[in-house]
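K.L.:
The structure file my_file.cif (mmCIF, C-alpha atoms) is provided below.
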data_entry
#
loop_
_atom_site.label_atom_id
_atom_site.label_comp_id
_atom_site.auth_asym_id
_atom_site.auth_seq_id
_atom_site.Cartn_x
_atom_site.Cartn_y
_atom_site.Cartn_z
CA GLN A 1 0.00 0.00 0.00
CA TYR A 2 1.25 3.47 -0.91
CA ALA A 3 0.17 6.83 0.50
CA LEU A 4 1.00 10.34 -0.68
CA THR A 5 0.14 13.64 1.00
CA PHE A 6 -0.06 17.12 -0.54
CA SER A 7 -1.20 20.56 0.53
CA PRO A 8 -4.24 21.86 -1.43
CA THR A 9 -2.10 24.54 -3.07
CA GLU A 10 0.17 21.91 -4.63
CA ILE A 11 -2.54 20.34 -6.82
CA GLN A 12 -4.87 22.34 -9.06
CA SER A 13 -5.58 19.56 -11.56
CA VAL A 14 -5.22 15.79 -11.93
CA GLU A 15 -4.42 14.16 -15.28
CA MET A 16 -5.42 10.48 -15.18
CA LYS A 17 -3.45 8.79 -17.97
CA ALA A 18 -3.58 5.32 -16.45
CA GLN A 19 -6.26 3.20 -18.11
CA GLU A 20 -9.29 1.51 -16.52
CA ILE A 21 -8.40 2.24 -12.88
CA PRO A 22 -11.42 3.60 -10.93
CA LEU A 23 -10.87 6.74 -8.90
CA THR A 24 -12.69 7.44 -5.62
CA ILE A 25 -12.99 10.95 -4.18
CA SER A 26 -13.95 11.27 -0.52
CA PRO A 27 -13.47 13.78 2.34
CA SER A 28 -10.16 14.14 4.15
CA ASN A 29 -9.93 14.13 7.94
CA ASP A 30 -7.61 17.15 7.89
CA ASP A 31 -6.62 20.07 5.64
CA LEU A 32 -4.45 17.99 3.32
CA ILE A 33 -4.95 15.94 0.16
CA HIS A 34 -4.27 12.25 0.68
CA ILE A 35 -3.80 9.75 -2.15
CA SER A 36 -3.67 6.01 -1.50
CA TYR A 37 -3.33 3.01 -3.81
CA SER A 38 -1.78 -0.44 -4.05
CA ASP A 39 1.13 -1.34 -6.32
CA ARG A 40 4.09 -3.67 -6.63
CA THR A 41 7.36 -2.95 -4.86
CA GLY A 42 10.67 -1.49 -5.98
CA THR A 43 11.44 -1.46 -9.68
CA ASP A 44 8.26 -3.50 -10.37
CA GLN A 45 6.00 -0.58 -9.54
CA LYS A 46 3.45 0.06 -12.28
CA LEU A 47 2.01 3.44 -11.29
CA ASP A 48 4.01 6.60 -11.84
CA ILE A 49 2.66 9.67 -10.02
CA GLN A 50 4.33 13.03 -10.61
CA THR A 51 3.54 16.66 -9.80
CA GLU A 52 4.69 19.71 -11.72
CA ASN A 53 3.33 23.27 -11.79
CA GLY A 54 0.20 22.29 -9.88
CA ILE A 55 -0.61 19.34 -12.16
CA LEU A 56 -0.60 15.80 -10.76
CA THR A 57 -0.19 13.17 -13.48
CA ILE A 58 -0.90 9.46 -13.01
CA VAL A 59 0.60 7.10 -15.59
CA ALA A 60 0.55 3.30 -15.63
CA ASN A 61 3.52 1.41 -17.03
CA GLY A 62 1.81 -1.72 -18.27
CA LYS A 63 -1.12 -3.22 -16.37
CA ALA A 64 -1.22 -1.59 -12.96
CA ALA A 65 -1.51 -3.68 -9.80
CA THR A 66 -4.01 -1.38 -8.13
CA LYS A 67 -7.76 -1.79 -8.56
CA ASN A 68 -8.61 1.68 -7.26
CA ILE A 69 -7.00 5.03 -6.48
CA ASN A 70 -8.39 6.95 -3.51
CA PHE A 71 -8.31 10.75 -3.24
CA ALA A 72 -9.25 12.28 0.12
CA LEU A 73 -9.90 16.01 -0.29
CA PRO A 74 -10.26 18.63 2.47
CA PRO A 75 -13.40 20.81 2.61
CA GLN A 76 -13.73 23.54 -0.03
CA SER A 77 -11.11 22.00 -2.32
CA ILE A 78 -10.52 23.50 -5.77
CA VAL A 79 -9.35 20.86 -8.22
CA LYS A 80 -10.03 19.52 -11.74
CA PHE A 81 -9.87 15.86 -12.80
CA HIS A 82 -9.34 14.81 -16.44
CA ALA A 83 -9.42 11.22 -17.68
CA PHE A 84 -10.22 9.04 -20.70
CA ASN A 85 -11.87 5.81 -19.54
CA THR A 86 -11.79 6.23 -15.76
CA ASP A 87 -14.87 5.56 -13.60
CA PHE A 88 -15.27 8.16 -10.83
CA SER A 89 -17.04 7.88 -7.49
CA LEU A 90 -17.56 10.99 -5.32
CA GLN A 91 -19.18 11.14 -1.88
CA ASP A 92 -19.47 13.77 0.88
CA VAL A 93 -17.18 16.19 -0.98
CA SER A 94 -17.42 19.99 -0.92
CA GLY A 95 -15.68 22.74 -2.85
CA THR A 96 -15.18 23.72 -6.48
CA ILE A 97 -14.51 20.48 -8.34
CA SER A 98 -14.60 19.47 -12.01
CA VAL A 99 -14.60 15.84 -13.17
CA GLU A 100 -14.33 14.97 -16.87
CA THR A 101 -14.02 11.45 -18.29
CA ILE A 102 -14.47 10.55 -21.96
CA ASP A 103 -15.49 6.91 -21.64
CA GLY A 104 -16.22 6.33 -17.95
CA ASP A 105 -19.14 6.46 -15.50
CA ILE A 106 -19.52 9.03 -12.72
CA THR A 107 -21.39 8.31 -9.48
CA ALA A 108 -21.84 11.16 -6.99
CA LEU A 109 -23.61 11.39 -3.63
CA ASP A 110 -23.94 14.16 -1.04
CA LEU A 111 -21.98 16.87 -2.86
CA GLU A 112 -22.05 20.51 -1.77
CA GLY A 113 -20.56 23.43 -3.68
CA ASN A 114 -19.66 24.17 -7.29
CA PHE A 115 -19.36 21.04 -9.42
CA VAL A 116 -19.00 20.19 -13.10
CA LEU A 117 -19.47 16.51 -14.03
CA ARG A 118 -18.93 15.49 -17.64
CA SER A 119 -18.83 12.13 -19.44
CA GLY A 120 -18.82 11.63 -23.19
CA ARG A 121 -19.91 8.00 -23.45
CA GLY A 122 -20.51 7.00 -19.84
CA ASN A 123 -23.45 7.36 -17.46
CA ILE A 124 -23.69 9.93 -14.67
CA ASN A 125 -25.69 9.31 -11.48
CA ILE A 126 -25.89 12.07 -8.86
CA ALA A 127 -28.10 12.27 -5.77
CA ASN A 128 -28.69 14.27 -2.56
CA SER A 129 -26.50 17.17 -3.66
CA GLN A 130 -26.78 20.95 -3.62
CA GLY A 131 -25.03 24.01 -4.95
CA ASP A 132 -24.13 25.24 -8.41
CA ILE A 133 -23.95 21.92 -10.25
CA SER A 134 -23.64 21.25 -13.99
CA VAL A 135 -23.92 17.76 -15.48
CA PHE A 136 -22.99 17.11 -19.13
CA GLY A 137 -23.44 13.96 -21.20
CA GLU A 138 -23.37 12.92 -24.84
CA HIS A 139 -24.20 9.24 -25.42
CA GLY A 140 -24.73 8.04 -21.85
CA ASP A 141 -27.68 8.52 -19.48
CA LEU A 142 -27.94 11.15 -16.75
CA THR A 143 -29.84 10.41 -13.52
CA LEU A 144 -30.45 13.16 -10.98
CA ASP A 145 -32.20 12.56 -7.65
CA SER A 146 -32.93 15.10 -4.90
CA MET A 147 -30.92 18.00 -6.32
CA HIS A 148 -31.17 21.56 -5.02
CA GLY A 149 -29.67 24.90 -5.99
CA ASP A 150 -28.67 26.07 -9.45
CA ILE A 151 -28.79 22.77 -11.36
CA ASP A 152 -28.10 22.36 -15.09
CA ALA A 153 -28.06 19.06 -16.95
CA SER A 154 -27.62 18.65 -20.71
CA ASN A 155 -27.32 15.61 -22.94
CA VAL A 156 -27.12 14.92 -26.67
CA ILE A 157 -28.19 11.37 -27.55
CA GLY A 158 -28.60 9.99 -24.03
CA THR A 159 -31.54 10.44 -21.67
CA ILE A 160 -32.09 12.52 -18.55
CA GLN A 161 -34.09 11.25 -15.60
CA PHE A 162 -34.92 13.61 -12.71
CA THR A 163 -36.66 12.85 -9.42
CA GLY A 164 -37.11 15.29 -6.58
CA GLN A 165 -38.83 18.27 -5.04
CA VAL A 166 -38.43 21.85 -6.27
CA LEU A 167 -37.76 24.09 -3.26
CA GLU A 168 -37.49 27.83 -2.70
CA GLY A 169 -34.40 29.14 -4.50
CA ASP A 170 -34.02 26.12 -6.78
CA ASP A 171 -33.38 26.82 -10.47
CA ILE A 172 -33.31 23.52 -12.36
CA PHE A 173 -32.83 23.31 -16.13
CA LEU A 174 -32.69 20.07 -18.15
CA GLU A 175 -31.90 20.00 -21.88
CA THR A 176 -31.31 17.38 -24.57
CA ASP A 177 -30.98 17.22 -28.33
CA HIS A 178 -32.30 13.74 -29.26
CA GLY A 179 -32.48 12.17 -25.80
CA ALA A 180 -35.71 11.68 -23.87
CA VAL A 181 -36.33 13.46 -20.55
CA THR A 182 -38.39 11.95 -17.72
CA ALA A 183 -39.10 13.93 -14.55
CA THR A 184 -41.02 13.15 -11.37
CA LEU A 185 -41.67 16.32 -9.36
CA LEU A 186 -42.58 15.48 -5.78
CA ASP A 187 -44.71 18.01 -3.83
CA SER A 188 -43.84 20.82 -6.23
CA ASP A 189 -47.29 22.16 -7.14
CA ASN A 190 -46.21 25.78 -6.53
CA ALA A 191 -43.04 25.71 -8.66
CA PHE A 192 -42.69 27.73 -11.85
CA LEU A 193 -42.69 25.39 -14.86
CA LYS A 194 -41.60 25.90 -18.44
CA ILE A 195 -41.36 22.74 -20.53
CA TRP A 196 -41.11 22.75 -24.30
CA THR A 197 -39.74 20.89 -27.34
CA ALA A 198 -39.02 21.93 -30.92
CA ASN A 199 -39.74 18.63 -32.67
CA GLY A 200 -40.42 16.07 -29.95
CA SER A 201 -43.46 15.54 -27.73
CA VAL A 202 -44.54 16.63 -24.24
CA THR A 203 -46.63 14.57 -21.82
CA CYS A 204 -47.35 16.62 -18.71
CA LEU A 205 -49.31 14.97 -15.87
CA LEU A 206 -49.15 17.83 -13.37
CA PRO A 207 -51.83 19.98 -11.71
CA GLN A 208 -52.53 23.63 -12.58
CA VAL A 209 -50.67 23.69 -15.90
CA GLU A 210 -51.38 24.87 -19.41
CA THR A 211 -50.44 22.14 -21.88
CA SER A 212 -50.16 21.37 -25.57
CA SER A 213 -48.44 18.60 -27.52
CA ILE A 214 -45.16 20.50 -27.31
CA THR A 215 -45.44 22.68 -24.17
CA CYS A 216 -46.33 22.62 -20.49
CA MET A 217 -46.46 25.89 -18.54
CA ARG A 218 -47.23 27.06 -15.01
CA ASP A 219 -46.55 30.52 -13.62
CA PRO A 220 -47.83 30.90 -10.02
CA SER A 221 -48.19 34.38 -8.54
CA THR A 222 -45.69 33.43 -5.82
CA PRO A 223 -43.59 30.62 -7.32
CA VAL A 224 -41.51 28.34 -5.14
CA GLY A 225 -38.46 27.53 -7.24
CA LYS A 226 -38.12 27.16 -11.00
CA PHE A 227 -38.06 24.00 -13.14
CA GLN A 228 -37.50 23.94 -16.92
CA ILE A 229 -37.00 21.30 -19.62
CA LYS A 230 -36.07 21.86 -23.26
CA THR A 231 -35.46 19.36 -26.07
CA VAL A 232 -34.96 19.56 -29.81
CA TRP A 233 -36.12 16.05 -30.80
CA GLY A 234 -36.42 14.27 -27.48
CA ALA A 235 -39.73 13.21 -25.90
CA ILE A 236 -40.57 14.72 -22.50
CA ARG A 237 -42.71 13.15 -19.77
CA VAL A 238 -43.36 14.85 -16.43
CA ASP A 239 -45.53 13.63 -13.56
CA SER A 240 -46.00 14.21 -9.85
CA GLY A 241 -45.34 10.65 -8.69
CA ARG A 242 -48.88 10.34 -7.29
#
Here is the file; what I need is its structure written in the form of structure tokens.
P.N.:
Amino acid sequence: QYALTFSPTEIQSVEMKAQEIPLTISPSNDDLIHISYSDRTGTDQKLDIQTENGILTIVANGKAATKNINFALPPQSIVKFHAFNTDFSLQDVSGTISVETIDGDITALDLEGNFVLRSGRGNINIANSQGDISVFGEHGDLTLDSMHGDIDASNVIGTIQFTGQVLEGDDIFLETDHGAVTATLLDSDNAFLKIWTANGSVTCLLPQVETSSITCMRDPSTPVGKFQIKTVWGAIRVDSGR
């Protein structure tokens, strides 16, 4: 087992060049960044971890021995992660954090702060999180559950599924090109709604709304939060879960 420790000012971004090694991001017990992983010993080590000018680079020389790399981040960390086919798992993390993987899945739980999660061909699942959070997909599926704050999710071919309540101060916007969007709004009868599509269809099973085949609108005199969906070709279905 190997362990490395850095101050938050030493690492502004992480370049994951090792292939198919999952990366876990969790909270640190102190004000430092801790990295732990398993590898072989001596000259047989497969992982090469280097830092230069605030960039931490992880390279694997051949098939790495480790099955996971663990990052423990202090509260309010500011760091960016870049990878190709790395799966990411984040839990109980706060700060300003960006995670981008081209061909990997992202799973996130209990985040708080400013986050950007992006996957080109993988799926993204995020739940019980709040803040200024942006989720981007292309071919994978996006699943959002119990999200609050300024929430944006966009997808191209893949779908978006949202479940949760719209609360005071929430501003939630979901958008796809061809992908379908399904939303279940729990106890959100007083939220502002604007749902529309250019060439798809809209099915809106909510109270106190004005609907057509391509729109669903609700503008209360005193709205509690805002919820919007827009698609170009994707079908939209929204209900109240009742």
K.L.:
Quick one: residues within 9 Å of region 199-202 of chain A, all atoms listed in the file counted, chain neighbours fewer than 4 positions away excluded, as a PDB file with C-alpha atoms, in the frame of the given file?
P.N.:
ATOM      1  CA  HIS A 178     -32.300  13.740 -29.260  1.00  0.00           C
ATOM      2  CA  ALA A 180     -35.710  11.680 -23.870  1.00  0.00           C
ATOM      3  CA  ILE A 195     -41.360  22.740 -20.530  1.00  0.00           C
ATOM      4  CA  THR A 211     -50.440  22.140 -21.880  1.00  0.00           C
ATOM      5  CA  SER A 212     -50.160  21.370 -25.570  1.00  0.00           C
ATOM      6  CA  SER A 213     -48.440  18.600 -27.520  1.00  0.00           C
ATOM      7  CA  ILE A 214     -45.160  20.500 -27.310  1.00  0.00           C
ATOM      8  CA  THR A 215     -45.440  22.680 -24.170  1.00  0.00           C
ATOM      9  CA  CYS A 216     -46.330  22.620 -20.490  1.00  0.00           C
ATOM     10  CA  THR A 231     -35.460  19.360 -26.070  1.00  0.00           C
ATOM     11  CA  VAL A 232     -34.960  19.560 -29.810  1.00  0.00           C
ATOM     12  CA  TRP A 233     -36.120  16.050 -30.800  1.00  0.00           C
ATOM     13  CA  GLY A 234     -36.420  14.270 -27.480  1.00  0.00           C
ATOM     14  CA  ALA A 235     -39.730  13.210 -25.900  1.00  0.00           C
ATOM     15  CA  ILE A 236     -40.570  14.720 -22.500  1.00  0.00           C
ATOM     16  CA  ARG A 237     -42.710  13.150 -19.770  1.00  0.00           C
ATOM     17  CA  VAL A 238     -43.360  14.850 -16.430  1.00  0.00           C
TER      18      VAL A 238
END
K.L.:
Given the file shown, determine the residues that the PyMOL selection byres ((chain A and resi 183) around 7) selects; report them as a PDB file with C-alpha atoms, in the coordinates of the input.
P.N.:
ATOM      1  CA  GLN A 161     -34.090  11.250 -15.600  1.00  0.00           C
ATOM      2  CA  PHE A 162     -34.920  13.610 -12.710  1.00  0.00           C
ATOM      3  CA  THR A 163     -36.660  12.850  -9.420  1.00  0.00           C
ATOM      4  CA  VAL A 181     -36.330  13.460 -20.550  1.00  0.00           C
ATOM      5  CA  THR A 182     -38.390  11.950 -17.720  1.00  0.00           C
ATOM      6  CA  THR A 184     -41.020  13.150 -11.370  1.00  0.00           C
ATOM      7  CA  LEU A 185     -41.670  16.320  -9.360  1.00  0.00           C
ATOM      8  CA  ARG A 237     -42.710  13.150 -19.770  1.00  0.00           C
ATOM      9  CA  VAL A 238     -43.360  14.850 -16.430  1.00  0.00           C
ATOM     10  CA  ASP A 239     -45.530  13.630 -13.560  1.00  0.00           C
TER      11      ASP A 239
END
K.L.:
Region 33-43 of chain A: which residues within 10 Å, counting only C-alpha atoms, same-chain residues fewer than 6 positions away excluded, as an mmCIF file with C-alpha atoms, in the frame of the given file?
P.N.:
data_model
loop_
_atom_site.group_PDB
_atom_site.id
_atom_site.type_symbol
_atom_site.label_atom_id
_atom_site.label_comp_id
_atom_site.auth_asym_id
_atom_site.auth_seq_id
_atom_site.Cartn_x
_atom_site.Cartn_y
_atom_site.Cartn_z
ATOM 1 C CA GLN A 1 0.000 0.000 0.000
ATOM 2 C CA TYR A 2 1.250 3.470 -0.910
ATOM 3 C CA ALA A 3 0.170 6.830 0.500
ATOM 4 C CA LEU A 4 1.000 10.340 -0.680
ATOM 5 C CA THR A 5 0.140 13.640 1.000
ATOM 6 C CA PHE A 6 -0.060 17.120 -0.540
ATOM 7 C CA SER A 7 -1.200 20.560 0.530
ATOM 8 C CA PRO A 8 -4.240 21.860 -1.430
ATOM 9 C CA THR A 9 -2.100 24.540 -3.070
ATOM 10 C CA GLU A 10 0.170 21.910 -4.630
ATOM 11 C CA ILE A 11 -2.540 20.340 -6.820
ATOM 12 C CA LEU A 23 -10.870 6.740 -8.900
ATOM 13 C CA THR A 24 -12.690 7.440 -5.620
ATOM 14 C CA ILE A 25 -12.990 10.950 -4.180
ATOM 15 C CA SER A 26 -13.950 11.270 -0.520
ATOM 16 C CA PRO A 27 -13.470 13.780 2.340
ATOM 17 C CA ALA A 64 -1.220 -1.590 -12.960
ATOM 18 C CA ALA A 65 -1.510 -3.680 -9.800
ATOM 19 C CA THR A 66 -4.010 -1.380 -8.130
ATOM 20 C CA LYS A 67 -7.760 -1.790 -8.560
ATOM 21 C CA ASN A 68 -8.610 1.680 -7.260
ATOM 22 C CA ILE A 69 -7.000 5.030 -6.480
ATOM 23 C CA ASN A 70 -8.390 6.950 -3.510
ATOM 24 C CA PHE A 71 -8.310 10.750 -3.240
ATOM 25 C CA ALA A 72 -9.250 12.280 0.120
ATOM 26 C CA LEU A 73 -9.900 16.010 -0.290
ATOM 27 C CA PRO A 74 -10.260 18.630 2.470
ATOM 28 C CA SER A 77 -11.110 22.000 -2.320
#
K.L.:
Can you tell me which residues surround Thr176 (chain A) at a distance of at most 10 Å, considering all atoms listed in the file, apart from same-chain residues fewer than 6 positions away, and format the answer as an MDAnalysis selection string?
P.N.:
chainID A and resid 136:138 153:160 197 229:236
K.L.:
Convert the output of the PyMOL selection byres ((chain A and resi 48-56) around 9) on the shown file into explicit residues, formatted as an mmCIF file with C-alpha atoms, in the coordinates of the input.
P.N.:
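Wrote part_0.cif, looks like this:
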data_model
loop_
_atom_site.group_PDB
_atom_site.id
_atom_site.type_symbol
_atom_site.label_atom_id
_atom_site.label_comp_id
_atom_site.auth_asym_id
_atom_site.auth_seq_id
_atom_site.Cartn_x
_atom_site.Cartn_y
_atom_site.Cartn_z
ATOM 1 C CA THR A 9 -2.100 24.540 -3.070
ATOM 2 C CA GLU A 10 0.170 21.910 -4.630
ATOM 3 C CA ILE A 11 -2.540 20.340 -6.820
ATOM 4 C CA GLN A 12 -4.870 22.340 -9.060
ATOM 5 C CA SER A 13 -5.580 19.560 -11.560
ATOM 6 C CA VAL A 14 -5.220 15.790 -11.930
ATOM 7 C CA GLU A 15 -4.420 14.160 -15.280
ATOM 8 C CA MET A 16 -5.420 10.480 -15.180
ATOM 9 C CA ALA A 18 -3.580 5.320 -16.450
ATOM 10 C CA GLN A 45 6.000 -0.580 -9.540
ATOM 11 C CA LYS A 46 3.450 0.060 -12.280
ATOM 12 C CA LEU A 47 2.010 3.440 -11.290
ATOM 13 C CA THR A 57 -0.190 13.170 -13.480
ATOM 14 C CA ILE A 58 -0.900 9.460 -13.010
ATOM 15 C CA VAL A 59 0.600 7.100 -15.590
ATOM 16 C CA ALA A 60 0.550 3.300 -15.630
ATOM 17 C CA ASN A 61 3.520 1.410 -17.030
#
K.L.:
Set up a box along x, y and z of the file covering all listed atoms of region 225-232 of chain A, add 4 Å on every one of the six sides, and write the centre and edge lengths in Å to one decimal, as AutoDock Vina command-line options.
P.N.:
--center_x -36.7 --center_y 23.4 --center_z -18.5 --size_x 11.5 --size_y 16.2 --size_z 30.6
K.L.:
Which polymer residues, whether protein, DNA or RNA, lie within 7 Å of the coordinate (-9.2, 17.7, -13.3) when you count all atoms listed in the file? List them as a list in words, using the chain letters and numbers from the file.
P.N.:
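Residues satisfying the cut-off, written out: Ser13, Val14, Glu15, Val79, Lys80, Phe81, His82, Ser98, Val99 and Glu100 of chain A.
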K.L.:
Which of these residues is nearest to Asp30 (chain A), using only C-alpha atoms: A:Asp92, A:Lys63, A:Pro75, A:Gly164?
P.N.:
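Among the listed residues, A:Pro75 lies closest to Asp30 (chain A).
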K.L.:
Could you rebuild region 109-140 of chain A with N, CA and C atoms and give it back as a compact mmCIF listing (two decimals), in the frame of the given file?
P.N.:
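Wrote it out as part_14.txt, contents follow:
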# COMPACT_ATOMS: atom_id res chain seq x y z
N LEU A 109 -22.63 11.39 -4.70
CA LEU A 109 -23.61 11.39 -3.63
C LEU A 109 -23.19 12.41 -2.57
N ASP A 110 -24.16 13.20 -2.13
CA ASP A 110 -23.94 14.16 -1.04
C ASP A 110 -22.83 15.16 -1.35
N LEU A 111 -22.93 15.81 -2.50
CA LEU A 111 -21.98 16.87 -2.86
C LEU A 111 -22.54 18.22 -2.42
N GLU A 112 -21.63 19.16 -2.13
CA GLU A 112 -22.05 20.51 -1.77
C GLU A 112 -21.02 21.50 -2.29
N GLY A 113 -21.47 22.42 -3.15
CA GLY A 113 -20.56 23.43 -3.68
C GLY A 113 -20.76 23.64 -5.16
N ASN A 114 -19.66 23.93 -5.85
CA ASN A 114 -19.66 24.17 -7.29
C ASN A 114 -19.03 22.96 -7.99
N PHE A 115 -19.83 22.27 -8.79
CA PHE A 115 -19.36 21.04 -9.42
C PHE A 115 -19.69 21.03 -10.91
N VAL A 116 -18.76 20.49 -11.70
CA VAL A 116 -19.00 20.19 -13.10
C VAL A 116 -18.67 18.71 -13.30
N LEU A 117 -19.65 17.93 -13.75
CA LEU A 117 -19.47 16.51 -14.03
C LEU A 117 -19.75 16.29 -15.50
N ARG A 118 -18.79 15.66 -16.20
CA ARG A 118 -18.93 15.49 -17.64
C ARG A 118 -18.44 14.10 -18.05
N SER A 119 -19.25 13.41 -18.87
CA SER A 119 -18.83 12.13 -19.44
C SER A 119 -19.34 12.03 -20.87
N GLY A 120 -18.44 11.70 -21.79
CA GLY A 120 -18.82 11.63 -23.19
C GLY A 120 -19.66 10.41 -23.51
N ARG A 121 -19.20 9.24 -23.10
CA ARG A 121 -19.91 8.00 -23.45
C ARG A 121 -20.36 7.20 -22.24
N GLY A 122 -20.10 7.70 -21.05
CA GLY A 122 -20.51 7.00 -19.84
C GLY A 122 -21.78 7.56 -19.24
N ASN A 123 -22.26 6.92 -18.18
CA ASN A 123 -23.45 7.36 -17.46
C ASN A 123 -23.05 8.20 -16.25
N ILE A 124 -23.91 9.12 -15.86
CA ILE A 124 -23.69 9.93 -14.67
C ILE A 124 -24.90 9.79 -13.76
N ASN A 125 -24.65 9.42 -12.50
CA ASN A 125 -25.69 9.31 -11.48
C ASN A 125 -25.31 10.21 -10.32
N ILE A 126 -26.18 11.15 -9.96
CA ILE A 126 -25.89 12.07 -8.86
C ILE A 126 -27.14 12.21 -8.01
N ALA A 127 -26.95 12.23 -6.68
CA ALA A 127 -28.10 12.27 -5.77
C ALA A 127 -27.74 13.06 -4.51
N ASN A 128 -28.79 13.61 -3.87
CA ASN A 128 -28.69 14.27 -2.56
C ASN A 128 -27.59 15.33 -2.54
N SER A 129 -27.58 16.19 -3.54
CA SER A 129 -26.50 17.17 -3.66
C SER A 129 -27.09 18.56 -3.87
N GLN A 130 -26.29 19.58 -3.50
CA GLN A 130 -26.78 20.95 -3.62
C GLN A 130 -25.64 21.90 -3.93
N GLY A 131 -26.02 23.00 -4.58
CA GLY A 131 -25.03 24.01 -4.95
C GLY A 131 -25.23 24.46 -6.37
N ASP A 132 -24.15 24.87 -6.99
CA ASP A 132 -24.13 25.24 -8.41
C ASP A 132 -23.53 24.05 -9.15
N ILE A 133 -24.39 23.20 -9.72
CA ILE A 133 -23.95 21.92 -10.25
C ILE A 133 -24.36 21.78 -11.71
N SER A 134 -23.39 21.47 -12.57
CA SER A 134 -23.64 21.25 -13.99
C SER A 134 -23.24 19.82 -14.34
N VAL A 135 -24.13 19.15 -15.08
CA VAL A 135 -23.92 17.76 -15.48
C VAL A 135 -24.04 17.69 -16.99
N PHE A 136 -23.01 17.16 -17.66
CA PHE A 136 -22.99 17.11 -19.13
C PHE A 136 -22.79 15.68 -19.62
N GLY A 137 -23.61 15.26 -20.57
CA GLY A 137 -23.44 13.96 -21.20
C GLY A 137 -23.53 14.07 -22.71
N GLU A 138 -23.22 12.97 -23.38
CA GLU A 138 -23.37 12.92 -24.84
C GLU A 138 -24.15 11.67 -25.24
N HIS A 139 -23.56 10.50 -25.02
CA HIS A 139 -24.20 9.24 -25.42
C HIS A 139 -24.71 8.44 -24.23
N GLY A 140 -24.28 8.76 -23.02
CA GLY A 140 -24.73 8.04 -21.85
C GLY A 140 -26.01 8.62 -21.27
